[in-house]
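Visitor: Let me begin by handing over the structure; questions about it come next.
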Amino acid sequence: MKINKKSFGMLSNGKKIELYTLSAGELSLSISTLGATLTSLYVPSRKTGAEDILLGYSTVGGYAADSVFFGVTVGRFANRIGGARFMIDGKTYNLPKNEGEHCLHAGVKNFGRKVWSAEAYEDKDGVYVRFTLKSPDNDEGFPGNLKAAVSYGLTLSNEVVAMYEAKVDAPCPINITNHAYFNLTGEGRGDVLSHEAIIHASAYLPVDEHFIPTGELLTVERTPFDFRLQKAIGRDIGNVAPGYDHCYVIDGASGVLRPAAEVFERSSGRVMRVYTTQPGVQFYTGNYLNNIAGKTGSLYNAHAGFCLETQHFPDSPNKPQFPPCIYGPDKDYAEKVVFQFEW
């Protein structure tokens, strides 16, 4: 197991950005202090050799100008909040409107735009980097002084582990995830429509024309959203044009680490399995990628990658029927995700 730390460059404001590279088992993961961002993940293949399976950029400048959240840690509240506002104890909190009239991924200066403090460590089963960040009261409109800690690591069992923690001194919605775009063939190697997926969910959240949940939970049975049995991502995607961008209700009890999804890629033989303690997973198929210049000359277009963002349900602060997402002085936030690889 190895930990390497090096300079990743400097932002226009003079802040220095560092890049940590972790190696354990046969995986190699790099993470930047800008946005606590997963910048690369090399996974072997018996057929093609090790390749980077994360979409992203080669330089810190690419991440500083990024608008599609490649690999970033998203918070305080991932996904959408309808009307860019919510109410707690009779008080309305207004957020930035950065997607029409709505708030996406906690606004303009979200966690993915901030420089995190970082400390690497090793334990008996793997190597990790713990990232910490202080978010002051009224940061992007959210209440309370918040301290976030996110640990990313690799284990000797060929797992990527993510642990999300937060403490806040006033009631506040919290929903932290990572927005990695995966292509198990290798980044820049075409689309992911032939990848085959299983999502362990009997229900999903229908959305309106702005992708805000209606508040219902609908069965996936006999719909294009049914991934309970393995099928190609592209098989039914024409019936949900421009593609999937929906939250699935993961079967089983929230708070317990359980299977969320599996993805298989035949040409490389790679398999990714996702486990989480969170209640939902946002399945996104990179619908709006459009000629984005990525790593080493790669050009990313629609469906060049897929996201499996484990999280609380979108717009939970405005949907009391959804699992509770309000944390505060007497209730800390803690969730875990595991990405397990085979080839």
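Ordering of the structure tokens sets the chain letters (A, B, ...), residue numbers begin anew at 1 in every chain, and ligands are numbered from 1 in the order given.
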Based on the backbone DSSP call, show me all residues of stretch 241-301 of chain A assigned strand (DSSP E), as a tab-separated table (two decimals) with N, CA and C atoms, in the first residue's frame.

Guide:
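Final output, out-v3.tsv:
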```
chain	number	residue	atom	x	y	z
A	245	ASP	N	-31.91	10.41	-15.18
A	245	ASP	CA	-31.45	11.37	-14.17
A	245	ASP	C	-32.45	11.30	-13.04
A	246	HIS	N	-32.54	10.12	-12.43
A	246	HIS	CA	-33.62	9.81	-11.50
A	246	HIS	C	-33.07	9.15	-10.24
A	247	CYS	N	-33.76	9.39	-9.16
A	247	CYS	CA	-33.38	8.80	-7.88
A	247	CYS	C	-34.16	7.50	-7.67
A	248	TYR	N	-33.43	6.46	-7.31
A	248	TYR	CA	-34.01	5.16	-7.02
A	248	TYR	C	-34.06	4.96	-5.50
A	249	VAL	N	-35.11	4.30	-5.05
A	249	VAL	CA	-35.29	3.99	-3.63
A	249	VAL	C	-34.65	2.63	-3.37
A	250	ILE	N	-33.49	2.63	-2.75
A	250	ILE	CA	-32.73	1.39	-2.57
A	250	ILE	C	-33.47	0.45	-1.62
A	258	ARG	N	-25.75	-1.84	2.39
A	258	ARG	CA	-26.46	-2.85	1.61
A	258	ARG	C	-26.23	-2.60	0.13
A	259	PRO	N	-26.52	-3.60	-0.73
A	259	PRO	CA	-26.28	-3.42	-2.16
A	259	PRO	C	-27.18	-2.34	-2.76
A	260	ALA	N	-26.57	-1.49	-3.58
A	260	ALA	CA	-27.33	-0.45	-4.28
A	260	ALA	C	-27.37	-0.69	-5.77
A	261	ALA	N	-26.24	-1.07	-6.37
A	261	ALA	CA	-26.18	-1.23	-7.82
A	261	ALA	C	-24.98	-2.07	-8.21
A	262	GLU	N	-25.04	-2.60	-9.44
A	262	GLU	CA	-23.92	-3.33	-10.05
A	262	GLU	C	-23.86	-2.94	-11.52
A	263	VAL	N	-22.65	-2.81	-12.04
A	263	VAL	CA	-22.48	-2.49	-13.46
A	263	VAL	C	-21.43	-3.43	-14.04
A	264	PHE	N	-21.72	-3.96	-15.24
A	264	PHE	CA	-20.86	-4.93	-15.91
A	264	PHE	C	-20.48	-4.39	-17.28
A	265	GLU	N	-19.20	-4.55	-17.65
A	265	GLU	CA	-18.74	-4.12	-18.97
A	265	GLU	C	-18.02	-5.29	-19.62
A	270	ARG	N	-14.68	-5.75	-16.64
A	270	ARG	CA	-14.76	-5.06	-15.35
A	270	ARG	C	-16.19	-5.10	-14.78
A	271	VAL	N	-16.24	-5.22	-13.46
A	271	VAL	CA	-17.50	-5.20	-12.73
A	271	VAL	C	-17.36	-4.23	-11.57
A	272	MET	N	-18.36	-3.39	-11.36
A	272	MET	CA	-18.39	-2.48	-10.22
A	272	MET	C	-19.66	-2.73	-9.43
A	273	ARG	N	-19.50	-2.95	-8.13
A	273	ARG	CA	-20.64	-3.13	-7.24
A	273	ARG	C	-20.64	-2.00	-6.21
A	274	VAL	N	-21.82	-1.46	-5.96
A	274	VAL	CA	-21.96	-0.30	-5.07
A	274	VAL	C	-22.80	-0.69	-3.86
A	275	TYR	N	-22.30	-0.35	-2.67
A	275	TYR	CA	-23.01	-0.57	-1.42
A	275	TYR	C	-23.11	0.76	-0.68
A	276	THR	N	-24.21	0.98	0.03
A	276	THR	CA	-24.37	2.25	0.73
A	276	THR	C	-25.29	2.12	1.92
A	280	GLY	N	-31.16	6.46	-1.03
A	280	GLY	CA	-31.38	6.52	-2.47
A	280	GLY	C	-30.09	6.54	-3.26
A	281	VAL	N	-30.23	6.35	-4.58
A	281	VAL	CA	-29.10	6.50	-5.49
A	281	VAL	C	-29.60	7.20	-6.74
A	282	GLN	N	-28.95	8.29	-7.11
A	282	GLN	CA	-29.28	9.01	-8.34
A	282	GLN	C	-28.51	8.37	-9.49
A	283	PHE	N	-29.25	7.83	-10.43
A	283	PHE	CA	-28.66	7.22	-11.62
A	283	PHE	C	-28.71	8.25	-12.74
A	284	TYR	N	-27.52	8.70	-13.17
A	284	TYR	CA	-27.43	9.75	-14.19
A	284	TYR	C	-26.55	9.24	-15.32
A	292	ILE	N	-17.07	18.18	-24.30
A	292	ILE	CA	-16.23	18.63	-23.19
A	292	ILE	C	-14.83	18.03	-23.36
A	293	ALA	N	-13.83	18.91	-23.37
A	293	ALA	CA	-12.44	18.46	-23.52
A	293	ALA	C	-11.97	17.88	-22.20
A	299	LEU	N	-12.68	13.60	-25.67
A	299	LEU	CA	-13.81	14.50	-25.87
A	299	LEU	C	-15.05	13.78	-25.37
A	300	TYR	N	-15.72	14.39	-24.39
A	300	TYR	CA	-16.87	13.73	-23.77
A	300	TYR	C	-18.17	14.30	-24.33
```

Visitor: Within 10 Å of A:Gly243, counting only C-alpha atoms, which residues qualify if same-chain residues fewer than 4 places away don't, as a list of chain:residue names?

Guide: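 Near A:Gly243, the qualifying residues are A:Ile233, A:Gly234, A:Asp236, A:Ile237, A:Gly238, A:Asn239, A:Phe283, A:Tyr284, A:Thr285, A:Gly286, A:Asn287, A:Tyr288, A:Ala302, A:His303.
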
Visitor: Just list the residues in stretch 59-178 of chain A DSSP gives alpha helix (DSSP H) on the backbone, as a ChimeraX atom specification.

Guide: /A:60-64

Visitor: Write the residues you've just listed into a file as a compact mmCIF listing (two decimals), in the first residue's frame, and include N, CA and C atoms for each of them.

Guide:
```txt
# COMPACT_ATOMS: atom_id res chain seq x y z
N VAL A 60 -5.48 21.13 -12.99
CA VAL A 60 -6.32 21.77 -11.98
C VAL A 60 -7.18 22.86 -12.61
N GLY A 61 -6.69 23.49 -13.71
CA GLY A 61 -7.48 24.51 -14.38
C GLY A 61 -8.78 23.97 -14.93
N GLY A 62 -8.75 22.72 -15.42
CA GLY A 62 -9.98 22.12 -15.90
C GLY A 62 -11.01 21.97 -14.80
N TYR A 63 -10.56 21.53 -13.63
CA TYR A 63 -11.49 21.37 -12.50
C TYR A 63 -11.97 22.72 -11.97
N ALA A 64 -11.12 23.73 -12.01
CA ALA A 64 -11.52 25.06 -11.53
C ALA A 64 -12.62 25.65 -12.39
```

Visitor: Counting only C-alpha atoms, figure out which residue out of A:Asn145, A:Ser157, A:Ser28, A:Thr214 gets nearest to A:Ser316.

Guide: A:Thr214

Visitor: Kindly assemble as JSON lines a list of the stretch 150-261 of chain A residues that lie within 12 Å of stretch 106-122 of chain A, each paired with its nearest atom pair and their distance in Å to one decimal, using only C-alpha atoms, sorted first by chain and then by ascending residue number.

Guide:
```
{"residue": "A:Val150", "atom": "CA", "partner": "A:Ala118", "partner_atom": "CA", "distance": 9.4}
{"residue": "A:Ser151", "atom": "CA", "partner": "A:Ala120", "partner_atom": "CA", "distance": 9.2}
{"residue": "A:Tyr152", "atom": "CA", "partner": "A:Ala120", "partner_atom": "CA", "distance": 9.5}
{"residue": "A:Gly153", "atom": "CA", "partner": "A:Glu122", "partner_atom": "CA", "distance": 9.1}
{"residue": "A:Leu154", "atom": "CA", "partner": "A:Glu122", "partner_atom": "CA", "distance": 9.8}
{"residue": "A:Thr155", "atom": "CA", "partner": "A:Glu122", "partner_atom": "CA", "distance": 9.9}
{"residue": "A:Leu156", "atom": "CA", "partner": "A:Glu122", "partner_atom": "CA", "distance": 11.5}
{"residue": "A:Pro173", "atom": "CA", "partner": "A:Ala106", "partner_atom": "CA", "distance": 10.4}
{"residue": "A:Ile174", "atom": "CA", "partner": "A:Ala106", "partner_atom": "CA", "distance": 9.8}
{"residue": "A:Asn175", "atom": "CA", "partner": "A:Ala106", "partner_atom": "CA", "distance": 9.5}
{"residue": "A:Ile176", "atom": "CA", "partner": "A:Phe111", "partner_atom": "CA", "distance": 9.2}
{"residue": "A:Thr177", "atom": "CA", "partner": "A:Phe111", "partner_atom": "CA", "distance": 10.3}
{"residue": "A:Asn178", "atom": "CA", "partner": "A:Gly112", "partner_atom": "CA", "distance": 9.4}
{"residue": "A:His179", "atom": "CA", "partner": "A:Gly112", "partner_atom": "CA", "distance": 9.5}
{"residue": "A:Ala180", "atom": "CA", "partner": "A:Gly112", "partner_atom": "CA", "distance": 11.7}
```

Visitor: Return the single residue from A:Gly82, A:Trp343, A:Ile212, A:Gly141 that is closest to A:Leu27, with distances computed using only C-alpha atoms.

Guide: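 Of A:Gly82, A:Trp343, A:Ile212, A:Gly141, the one nearest A:Leu27, counting only C-alpha atoms, is A:Trp343.
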
Visitor: Report, in Å with one decimal, the straight-line distance from atom CA of A:Asp52 to atom CA of A:Gly186.

Guide: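 A separation of 5.5 Å between them.
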
Visitor: Within 10 Å of A:Lys15, counting only C-alpha atoms, which residues qualify if same-chain residues fewer than 5 places away don't, as a count of residues only?

Guide: 4

Visitor: Please provide the set of residues having any atom within 6 Å of A:Glu18, restricted to only C-alpha atoms, with same-chain residues fewer than 4 positions apart removed, written as a PyMOL selection string.

Guide: chain A and resi 6-8+32-33

Visitor: So, counting only C-alpha atoms, which residue among A:Glu209, A:Glu221, A:Asp332, A:Asp66 is closest to A:Pro242?

Guide: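 Among A:Glu209, A:Glu221, A:Asp332, A:Asp66, it is A:Glu209 that comes nearest to A:Pro242.
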
Visitor: Given only C-alpha atoms as the basis, pick out the residue of A:Gln230, A:Thr132, A:Ser267, A:Thr296 nearest to A:Glu165.

Guide: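 Result for the nearest residue to A:Glu165: A:Thr132.
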
Visitor: Out of A:Ala24, A:Ile81, A:Ser45, A:Ser268, which residue has the shortest atom-to-atom distance to A:Tyr128 when counting only C-alpha atoms?

Guide: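 Looking at the shortest contact to A:Tyr128, the residue is A:Ala24.
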
Visitor: Mind checking which residues fall within 8 Å of A:Asp226, counting only C-alpha atoms, ignoring those fewer than 5 positions away in the same chain, and posting them as JSON, numbers by chain?

Guide: {"A": [199, 202, 220, 221]}

Visitor: Write the residues of the preceding selection, restricted to C-alpha atoms, as a compact mmCIF listing (two decimals), in the first residue's frame.

Guide:
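Saved the output as selection.txt:
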```txt
# COMPACT_ATOMS: atom_id res chain seq x y z
CA ILE A 199 -30.12 -1.33 -9.51
CA SER A 202 -38.24 -1.69 -6.48
CA VAL A 220 -40.31 0.27 -11.40
CA GLU A 221 -42.23 -2.78 -12.57
```

Visitor: Would you work out the distance separating atom CA of A:Ile326 from atom CA of A:Asn94, expressed in Å to one decimal?

Guide: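 Here the two named atoms are 15.9 Å from each other.
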
Visitor: How far is it from atom CA of A:Tyr244 to atom CA of A:Arg228, in Å with one decimal?

Guide: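 Going from atom CA of A:Tyr244 over to atom CA of A:Arg228, I get 15.2 Å.
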
Visitor: Return the single residue from A:Gly75, A:Gly190, A:Pro96, A:Gly269 that is closest to A:Arg46, with distances computed using only C-alpha atoms.

Guide: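 For A:Arg46, the nearest of the candidates is A:Gly269.
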